[in-house]
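Undergrad: My structure file work.tsv, TSV, C-alpha atoms and all ligand atoms, is below:
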chain	number	residue	atom	x	y	z
A	1	MET	CA	49.59	222.09	71.05
A	2	GLY	CA	49.27	220.45	67.62
A	3	GLU	CA	49.54	222.35	64.35
A	4	VAL	CA	46.81	222.40	61.69
A	5	ALA	CA	46.37	218.89	60.24
A	6	ILE	CA	48.37	218.28	57.07
A	7	THR	CA	46.01	217.25	54.25
A	8	ALA	CA	48.34	217.86	51.32
A	9	GLY	CA	51.78	216.56	50.49
A	10	ARG	CA	53.43	213.76	48.59
A	11	MET	CA	52.34	211.15	51.16
A	12	ALA	CA	48.84	212.55	51.87
A	13	GLY	CA	46.26	209.84	52.44
A	14	ARG	CA	48.97	207.21	52.91
A	15	ALA	CA	50.15	205.29	55.98
A	16	ALA	CA	53.80	204.79	56.94
A	17	LEU	CA	55.01	202.16	59.42
A	18	VAL	CA	58.58	202.47	60.71
A	19	PHE	CA	60.45	199.83	62.73
A	20	GLY	CA	63.21	201.32	64.90
A	21	ALA	CA	61.54	204.75	65.04
A	22	GLY	CA	62.44	205.69	68.61
A	23	GLN	CA	65.41	207.81	67.60
A	24	GLY	CA	67.82	208.64	64.79
A	25	ILE	CA	66.99	207.86	61.19
A	26	GLY	CA	63.74	206.03	61.96
A	27	ARG	CA	62.49	209.07	63.83
A	28	GLY	CA	63.71	211.34	60.99
A	29	ILE	CA	61.73	209.29	58.47
A	30	CYS	CA	58.57	209.54	60.61
A	31	LEU	CA	58.90	213.33	60.78
A	32	ALA	CA	59.60	213.70	57.05
A	33	MET	CA	56.63	211.44	56.23
A	34	ALA	CA	54.41	213.50	58.53
A	35	SER	CA	55.47	216.74	56.86
A	36	GLU	CA	54.32	215.24	53.55
A	37	GLY	CA	50.90	214.30	54.93
A	38	ALA	CA	51.34	210.63	55.89
A	39	THR	CA	49.70	208.94	58.84
A	40	VAL	CA	52.55	207.47	60.89
A	41	VAL	CA	52.97	204.40	63.05
A	42	ALA	CA	56.27	204.65	64.94
A	43	THR	CA	57.49	201.40	66.50
A	44	ASP	CA	60.58	200.58	68.53
A	45	VAL	CA	61.79	197.98	70.99
A	46	HIS	CA	61.81	200.91	73.46
A	47	ALA	CA	58.10	201.72	73.70
A	48	GLU	CA	58.56	205.10	75.39
A	49	ASN	CA	60.83	206.29	72.57
A	50	ALA	CA	58.32	205.15	69.94
A	51	GLU	CA	55.62	207.11	71.74
A	52	ARG	CA	57.88	210.18	71.94
A	53	THR	CA	58.37	210.08	68.17
A	54	ALA	CA	54.62	209.69	67.66
A	55	GLU	CA	54.02	212.74	69.84
A	56	GLN	CA	56.50	214.76	67.77
A	57	VAL	CA	54.66	213.67	64.61
A	58	ARG	CA	51.33	214.74	66.09
A	59	GLN	CA	52.84	218.12	66.89
A	60	ARG	CA	53.41	218.47	63.14
A	61	GLY	CA	49.67	218.07	62.62
A	62	ALA	CA	49.75	214.49	61.34
A	63	GLU	CA	48.05	211.47	62.88
A	64	ALA	CA	50.36	209.05	64.67
A	65	ILE	CA	50.62	206.26	67.21
A	66	GLY	CA	53.67	204.80	68.91
A	67	LEU	CA	53.97	201.07	69.55
A	68	ALA	CA	56.39	198.67	71.21
A	69	CYS	CA	57.77	196.20	68.68
A	70	ASP	CA	60.81	193.95	68.57
A	71	VAL	CA	61.58	193.20	64.91
A	72	ALA	CA	63.28	189.95	65.94
A	73	ASN	CA	59.90	188.68	67.15
A	74	GLU	CA	57.61	187.66	64.27
A	75	THR	CA	54.45	187.88	66.38
A	76	SER	CA	55.36	191.37	67.54
A	77	VAL	CA	55.93	192.48	63.91
A	78	ARG	CA	52.60	191.01	62.75
A	79	GLN	CA	50.84	192.78	65.64
A	80	ALA	CA	52.38	196.11	64.55
A	81	VAL	CA	51.15	195.62	60.98
A	82	ASN	CA	47.66	194.66	62.21
A	83	ARG	CA	47.55	197.66	64.54
A	84	THR	CA	48.55	199.91	61.61
A	85	LEU	CA	45.66	198.55	59.53
A	86	GLU	CA	43.24	199.14	62.43
A	87	PHE	CA	44.56	202.68	62.87
A	88	SER	CA	44.71	203.82	59.25
A	89	ASP	CA	42.92	201.12	57.26
A	90	ARG	CA	45.90	200.82	54.91
A	91	LEU	CA	49.66	200.42	54.70
A	92	ASP	CA	51.63	202.20	51.97
A	93	PHE	CA	55.18	202.31	53.28
A	94	THR	CA	57.28	200.19	55.61
A	95	ALA	CA	60.82	201.11	56.71
A	96	VAL	CA	63.20	199.06	58.85
A	97	THR	CA	65.83	201.15	60.61
A	98	ALA	CA	66.11	198.96	63.72
A	99	LEU	CA	69.74	198.58	64.72
A	100	PRO	CA	70.74	196.50	67.75
A	101	ASP	CA	74.00	196.79	69.67
A	102	MET	CA	76.20	194.80	67.34
A	103	TYR	CA	79.53	193.06	67.62
A	104	TYR	CA	82.37	195.35	66.56
A	105	GLY	CA	85.93	194.07	66.83
A	106	PRO	CA	88.39	191.65	65.26
A	107	LEU	CA	86.69	188.79	63.44
A	108	GLU	CA	88.55	186.24	65.56
A	109	GLY	CA	86.57	187.52	68.54
A	110	CYS	CA	83.16	187.27	66.88
A	111	SER	CA	81.50	184.26	68.48
A	112	ALA	CA	78.71	182.29	66.84
A	113	GLU	CA	76.44	183.69	69.56
A	114	HIS	CA	77.33	187.29	68.65
A	115	PHE	CA	76.84	186.62	64.97
A	116	GLU	CA	73.48	184.86	65.48
A	117	ARG	CA	72.24	187.62	67.80
A	118	ASP	CA	73.06	190.33	65.23
A	119	TRP	CA	71.53	188.27	62.44
A	120	ARG	CA	68.30	187.72	64.42
A	121	VAL	CA	67.50	191.42	64.57
A	122	GLY	CA	69.27	192.71	61.46
A	123	VAL	CA	68.30	190.04	58.94
A	124	LEU	CA	65.54	187.85	60.38
A	125	GLY	CA	63.82	191.02	61.56
A	126	VAL	CA	63.74	192.28	57.97
A	127	LEU	CA	62.31	188.94	56.80
A	128	HIS	CA	59.53	189.19	59.41
A	129	VAL	CA	58.71	192.73	58.29
A	130	LEU	CA	58.68	191.85	54.58
A	131	LYS	CA	56.39	188.86	55.16
A	132	ALA	CA	53.99	190.71	57.45
A	133	SER	CA	53.76	193.77	55.16
A	134	SER	CA	53.41	191.85	51.90
A	135	GLY	CA	49.59	191.59	51.69
A	136	PRO	CA	48.75	195.19	52.68
A	137	LEU	CA	51.50	196.59	50.45
A	138	GLN	CA	50.25	194.60	47.46
A	139	LYS	CA	46.82	196.10	48.06
A	140	SER	CA	48.14	199.68	48.15
A	141	LYS	CA	50.98	199.15	45.62
A	142	GLY	CA	53.22	200.53	48.32
A	143	SER	CA	56.93	200.30	49.01
A	144	VAL	CA	59.55	199.14	51.49
A	145	LEU	CA	62.75	200.87	52.54
A	146	LEU	CA	65.62	198.92	54.10
A	147	PHE	CA	68.97	200.11	55.41
A	148	GLY	CA	72.43	199.07	54.29
A	149	SER	CA	75.71	200.75	55.10
A	150	ALA	CA	78.83	202.02	53.36
A	151	HIS	CA	80.64	199.58	55.68
A	152	GLY	CA	78.88	196.77	53.86
A	153	VAL	CA	79.34	198.17	50.36
A	154	GLU	CA	83.05	198.79	50.90
A	155	GLY	CA	83.81	196.08	53.45
A	156	SER	CA	85.26	197.36	56.74
A	157	ALA	CA	87.77	195.94	59.19
A	158	ASP	CA	86.46	195.03	62.66
A	159	ARG	CA	82.87	194.84	61.44
A	160	ILE	CA	82.48	191.27	60.19
A	161	SER	CA	78.99	190.82	61.61
A	162	TYR	CA	77.71	194.30	60.69
A	163	VAL	CA	78.99	193.97	57.11
A	164	ALA	CA	77.34	190.54	56.78
A	165	VAL	CA	74.01	191.85	58.09
A	166	LYS	CA	73.99	195.03	56.01
A	167	GLU	CA	74.90	193.30	52.74
A	168	ALA	CA	72.32	190.57	53.40
A	169	VAL	CA	69.73	193.30	53.79
A	170	ARG	CA	70.67	194.98	50.50
A	171	GLY	CA	70.43	191.59	48.83
A	172	MET	CA	66.98	191.06	50.35
A	173	ALA	CA	65.89	194.44	48.95
A	174	ARG	CA	66.90	193.32	45.44
A	175	ALA	CA	65.32	189.86	45.82
A	176	ALA	CA	62.03	191.26	47.13
A	177	ALA	CA	62.01	193.97	44.44
A	178	ARG	CA	62.27	191.31	41.71
A	179	GLU	CA	59.63	189.13	43.36
A	180	TRP	CA	57.12	191.88	44.06
A	181	GLY	CA	57.50	193.96	40.89
A	182	LYS	CA	54.52	192.09	39.46
A	183	TYR	CA	52.38	193.48	42.28
A	184	GLY	CA	53.60	197.05	41.80
A	185	VAL	CA	55.38	196.90	45.19
A	186	ARG	CA	58.82	198.54	45.22
A	187	VAL	CA	61.68	197.72	47.59
A	188	ASN	CA	64.76	199.91	47.95
A	189	ALA	CA	67.65	200.47	50.33
A	190	ILE	CA	69.48	203.54	51.60
A	191	CYS	CA	73.06	203.64	52.86
A	192	PRO	CA	73.13	206.78	55.03
A	193	PHE	CA	75.68	208.88	56.87
A	194	ALA	CA	73.67	210.89	59.37
A	195	ASN	CA	73.68	212.45	62.82
A	196	SER	CA	71.76	209.78	64.76
A	197	PRO	CA	72.49	209.07	68.45
A	198	VAL	CA	74.51	205.99	67.48
A	199	MET	CA	76.68	208.19	65.26
A	200	ALA	CA	77.12	210.65	68.14
A	201	ASP	CA	78.35	207.70	70.23
A	202	TYR	CA	80.96	206.88	67.55
A	203	GLU	CA	82.07	210.48	67.43
A	204	ARG	CA	82.59	210.44	71.21
A	205	ASP	CA	84.19	206.96	71.44
A	206	HIS	CA	86.20	206.92	68.19
A	207	PRO	CA	86.97	210.55	67.31
A	208	ASP	CA	89.83	209.58	64.95
A	209	TRP	CA	87.63	207.22	62.94
A	210	PHE	CA	84.84	209.77	62.86
A	211	ASP	CA	87.08	212.63	61.71
A	212	ASP	CA	88.64	210.39	59.07
A	213	SER	CA	85.18	209.45	57.72
A	214	LEU	CA	84.04	213.05	57.69
A	215	SER	CA	87.19	214.16	55.88
A	216	GLN	CA	86.27	211.74	53.07
A	217	VAL	CA	82.80	213.25	52.57
A	218	PRO	CA	82.91	215.55	49.53
A	219	LEU	CA	80.02	217.61	50.93
A	220	HIS	CA	81.98	217.99	54.21
A	221	ARG	CA	79.18	217.42	56.66
A	222	LEU	CA	77.19	214.73	58.42
A	223	GLY	CA	73.67	214.26	57.06
A	224	ASP	CA	70.51	215.13	58.96
A	225	CYS	CA	68.20	212.24	59.88
A	226	GLU	CA	65.05	214.09	58.80
A	227	LYS	CA	66.11	216.63	56.20
A	228	ASP	CA	68.53	214.41	54.31
A	229	VAL	CA	67.62	210.77	54.96
A	230	GLY	CA	63.92	211.33	55.72
A	231	ARG	CA	63.38	213.35	52.56
A	232	ALA	CA	65.21	210.73	50.50
A	233	ALA	CA	62.81	208.18	52.01
A	234	VAL	CA	59.86	210.36	50.96
A	235	TYR	CA	61.24	210.51	47.43
A	236	LEU	CA	61.51	206.71	47.25
A	237	ALA	CA	58.09	206.11	48.85
A	238	SER	CA	56.11	208.72	46.92
A	239	ASP	CA	55.04	208.86	43.28
A	240	ASP	CA	58.31	210.73	42.59
A	241	GLY	CA	60.13	207.42	42.99
A	242	SER	CA	57.52	205.26	41.27
A	243	PHE	CA	59.98	203.81	38.72
A	244	VAL	CA	62.76	203.08	41.23
A	245	THR	CA	63.04	199.59	42.72
A	246	GLY	CA	65.79	197.21	43.82
A	247	HIS	CA	68.04	200.24	44.16
A	248	THR	CA	70.51	201.26	46.86
A	249	LEU	CA	70.62	205.03	47.25
A	250	MET	CA	73.76	206.37	48.91
A	251	VAL	CA	72.62	209.28	51.11
A	252	ASP	CA	76.06	209.99	52.48
A	253	GLY	CA	77.31	213.26	51.03
A	254	GLY	CA	79.38	211.38	48.44
A	255	LEU	CA	81.33	209.23	50.96
A	256	THR	CA	80.82	206.17	48.73
A	257	MET	CA	80.75	206.53	44.97
A	258	ARG	CA	80.10	203.84	42.37
B	301	LIG	N1	73.53	206.82	61.21
B	301	LIG	C1	74.31	206.51	60.18
B	301	LIG	O1	75.12	207.33	59.70
B	301	LIG	C2	74.22	205.15	59.56
B	301	LIG	C3	75.25	204.75	58.69
B	301	LIG	C4	75.13	203.54	58.03
B	301	LIG	C5	74.00	202.74	58.21
B	301	LIG	N2	73.03	203.14	59.07
B	301	LIG	C6	71.84	202.28	59.22
B	301	LIG	O2	70.66	203.07	59.34
B	301	LIG	C7	69.75	202.46	60.25
B	301	LIG	C8	69.36	203.45	61.34
B	301	LIG	O3	70.54	203.81	62.04
B	301	LIG	P1	70.56	204.90	63.21
B	301	LIG	O4	71.90	205.52	63.14
B	301	LIG	O5	69.32	205.74	63.17
B	301	LIG	O6	70.50	203.92	64.49
B	301	LIG	P2	70.12	204.24	66.02
B	301	LIG	O7	70.88	203.25	66.84
B	301	LIG	O8	70.27	205.67	66.35
B	301	LIG	O9	68.57	203.85	66.09
B	301	LIG	C9	68.17	202.50	65.96
B	301	LIG	C10	66.83	202.29	66.63
B	301	LIG	O10	66.53	200.89	66.49
B	301	LIG	C11	65.92	200.46	67.72
B	301	LIG	N3	66.05	199.00	67.86
B	301	LIG	C12	67.13	198.28	68.26
B	301	LIG	N4	66.83	196.97	68.30
B	301	LIG	C13	65.54	196.86	67.90
B	301	LIG	C14	64.66	195.76	67.74
B	301	LIG	N5	65.04	194.50	68.00
B	301	LIG	N6	63.38	196.00	67.31
B	301	LIG	C15	62.99	197.27	67.06
B	301	LIG	N7	63.76	198.35	67.21
B	301	LIG	C16	65.03	198.15	67.62
B	301	LIG	C17	66.68	201.24	68.80
B	301	LIG	O11	65.95	201.25	70.01
B	301	LIG	C18	66.81	202.59	68.14
B	301	LIG	O12	65.70	203.42	68.44
B	301	LIG	C19	70.47	201.20	60.77
B	301	LIG	O13	70.01	200.08	60.05
B	301	LIG	C20	71.93	201.44	60.48
B	301	LIG	O14	72.65	200.23	60.25
B	301	LIG	C21	73.12	204.32	59.76
Before we go any further, please render this structure as structure tokens.
TA:
Amino acid sequence: MGEVAITAGRMAGRAALVFGAGQGIGRGICLAMASEGATVVATDVHAENAERTAEQVRQRGAEAIGLACDVANETSVRQAVNRTLEFSDRLDFTAVTALPDMYYGPLEGCSAEHFERDWRVGVLGVLHVLKASSGPLQKSKGSVLLFGSAHGVEGSADRISYVAVKEAVRGMARAAAREWGKYGVRVNAICPFANSPVMADYERDHPDWFDDSLSQVPLHRLGDCEKDVGRAAVYLASDDGSFVTGHTLMVDGGLTMR
């Protein structure tokens, strides 16, 4: 049974579209947006997971739909934006959290095929989303949130493709922020450290690496996808963050400091 509809909040009257919302941080952003009154469109390459997130949002009392969308497919991305406009008549916030299975291992083993496959989702997917969202976001003076990684900022061994993708994305956030400032559209990035399913997989498969990372976090815990990363997304998307653009916010308990 749904709760009473949320009509107040920092995102009230606004529509949020999230790519990669079937689990983890994308799902956390949808829930945090809903708690602040946004209408939510949750999309994922796994349609059933997108719908599950949408149902969880509706249980919070916010309006939501779940859609299948592959960010690597430009037509699929444009359809998601169009469906959002049909559903809510506006688009105020777009986030891209989609993360494919990527190549991890020594760089000598990273084939051109691996690299191109990772790039297609991680980088081209972001380009598709930026292009498709541009018009509606200019109309609403909305914002975009992209995702980098401490692995990219620091450079990490055995992650040549991931580092390339994540730093390309942070660069795209800065480039789009400069280009769209004149329209009042803001573009930011977050580098998170949070308890998504993919992080749980790392903890299981690489406990030494995971423990080592955690031991370097000054706040001594893993972040929460909704309460830590989702709320940071709300800050950046709402009027609270209205003078912040082209920025990378480290939401990682202090793991990476600059
Ligand atoms: N969790 C962390 O601590 C952490 C750390 C650094 C960076 N990040 C970044 O944050 C973002 C979210 O990470 P997460 O941990 O929630 O990941 P996750 O793997 O838990 O979730 C990613 C979601 O993306 C979806 N997806 C995969 N390919 C897709 C495609 N082609 N089109 C649409 N959706 C697709 C998956 O189905 C999944 O639901 C990623 O960009 C990741 O690089 C996360």
Undergrad: From the list A:Asp239, A:Asp205, A:Glu36, A:Asp212, which residue is nearest A:Ala16 when using all atoms listed in the file?
TA: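 The shortest atom-to-atom distance to A:Ala16 comes from A:Glu36.
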Undergrad: Please, what is the axis-aligned box for every listed atom of ligand LIG 301 (chain B) with 8 Å on each side, as centre and edge lengths in Å to one decimal, as AutoDock Vina command-line options?
TA:
--center_x 69.1 --center_y 200.9 --center_z 64.0 --size_x 28.3 --size_y 28.8 --size_z 28.0
Undergrad: So how far away is atom C11 of ligand LIG 301 (chain B) from atom CA of A:Gly105, in Å?
TA: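 Separating atom CA of A:Gly105 from atom C11 of ligand LIG 301 (chain B) is a distance of 21.0 Å.
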Undergrad: Point out the residue among A:Ala177, A:Leu137, A:Ala194, A:Ala47 with the least atom-to-atom distance to ligand LIG 301 (chain B), counting only C-alpha atoms and all ligand atoms.
TA: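 Closest candidate: A:Ala194.
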Undergrad: For chain A against ligand LIG 301 (chain B), with a cut-off of 6 Å and counting only C-alpha atoms and all ligand atoms, what is the closest atom pair and its distance in Å to one decimal for every residue that makes the cut, ordered by chain and number, as a Markdown table?
TA:
| residue | atom | partner | partner_atom | distance |
| --- | --- | --- | --- | --- |
| A:Phe19 | CA | B:LIG301 | C15 | 5.6 |
| A:Gly20 | CA | B:LIG301 | O10 | 3.7 |
| A:Ala21 | CA | B:LIG301 | O12 | 5.5 |
| A:Gly22 | CA | B:LIG301 | O12 | 4.0 |
| A:Gln23 | CA | B:LIG301 | O12 | 4.5 |
| A:Gly24 | CA | B:LIG301 | O5 | 3.6 |
| A:Ile25 | CA | B:LIG301 | O5 | 3.7 |
| A:Gly26 | CA | B:LIG301 | O5 | 5.7 |
| A:Asp44 | CA | B:LIG301 | N7 | 4.1 |
| A:Val45 | CA | B:LIG301 | C15 | 4.2 |
| A:His46 | CA | B:LIG301 | O11 | 5.4 |
| A:Cys69 | CA | B:LIG301 | C15 | 5.6 |
| A:Asp70 | CA | B:LIG301 | N6 | 3.5 |
| A:Val71 | CA | B:LIG301 | N6 | 4.1 |
| A:Ala72 | CA | B:LIG301 | N5 | 5.3 |
| A:Thr97 | CA | B:LIG301 | C7 | 4.1 |
| A:Ala98 | CA | B:LIG301 | O10 | 3.4 |
| A:Leu99 | CA | B:LIG301 | O10 | 4.3 |
| A:Pro100 | CA | B:LIG301 | N4 | 4.0 |
| A:Val121 | CA | B:LIG301 | N5 | 5.2 |
| A:Phe147 | CA | B:LIG301 | O13 | 4.8 |
| A:Gly148 | CA | B:LIG301 | C5 | 5.6 |
| A:Ser149 | CA | B:LIG301 | C5 | 4.1 |
| A:Cys191 | CA | B:LIG301 | C5 | 5.5 |
| A:Pro192 | CA | B:LIG301 | C3 | 4.7 |
| A:Phe193 | CA | B:LIG301 | O1 | 3.3 |
| A:Ala194 | CA | B:LIG301 | O1 | 3.9 |
| A:Asn195 | CA | B:LIG301 | N1 | 5.9 |
| A:Ser196 | CA | B:LIG301 | O4 | 4.6 |
| A:Pro197 | CA | B:LIG301 | O8 | 4.6 |
| A:Val198 | CA | B:LIG301 | O8 | 4.4 |
| A:Met199 | CA | B:LIG301 | N1 | 5.3 |
Undergrad: Given all atoms listed in the file as the basis, pick out the residue of A:Gly181, A:Pro218, A:Gly254, A:Gly135 nearest to A:Ala150.
TA: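 Of A:Gly181, A:Pro218, A:Gly254, A:Gly135, the one nearest A:Ala150, counting all atoms listed in the file, is A:Gly254.
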Undergrad: What is the atom CA of A:Ala237 to atom CA of A:Arg174 distance in Å?
TA: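 Distance reported for this atom pair: 15.9 Å.
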Undergrad: Report, in Å with one decimal, the straight-line distance from atom CA of A:Arg14 to atom CA of A:Ala38.
TA: 5.1 Å
Undergrad: Which is closest to A:Gly122 among A:Met11, A:Ala32, A:Cys225, A:Leu146, if we use all atoms listed in the file?
TA: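 Checking each candidate against A:Gly122, we get A:Leu146 as the closest.
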Undergrad: Using only C-alpha atoms, which residues sit within 7 Å of A:Val185 once same-chain residues fewer than 2 positions away are excluded, as a ChimeraX atom specification?
TA: /A:137-138,141-143,180-181,183,187
Undergrad: Looking at only C-alpha atoms, which of A:Cys30, A:His206, A:Ala12, A:Ser161 is the one that sits closest to A:Val229?
TA: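 Result for the nearest residue to A:Val229: A:Cys30.
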Undergrad: So, counting all atoms listed in the file, which residue among A:Leu214, A:Met102, A:Pro136, A:Arg58 is closest to A:Glu86?
TA: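 Once distances to A:Glu86 are computed over all atoms listed in the file, the minimum belongs to A:Pro136.
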Undergrad: If we draw a sphere of 6 Å around (47.2, 206.0, 60.8), which residues have at least one atom in it when counting only C-alpha atoms? Please report them as a list in words.
TA: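 Output of the proximity query reads Ala15, Thr39, Val40, Glu63, Ala64, Phe87 and Ser88 of chain A.
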Undergrad: Using all atoms listed in the file, which protein or nucleic acid residues come within 12 Å of A:Arg178? Drop anything in the same chain fewer than 6 positions from it, and give the result as number ranges by chain.
TA: A: 171-172, 184-188, 244-247
Undergrad: Show me the residues around (82.8, 189.3, 60.2) - criterion: an atom at most 12 Å away, only C-alpha atoms counted - as JSON, numbers by chain.
TA: {"A": [102, 103, 104, 105, 106, 107, 108, 109, 110, 111, 112, 114, 115, 116, 118, 119, 151, 152, 155, 156, 157, 158, 159, 160, 161, 162, 163, 164, 165, 166, 167]}
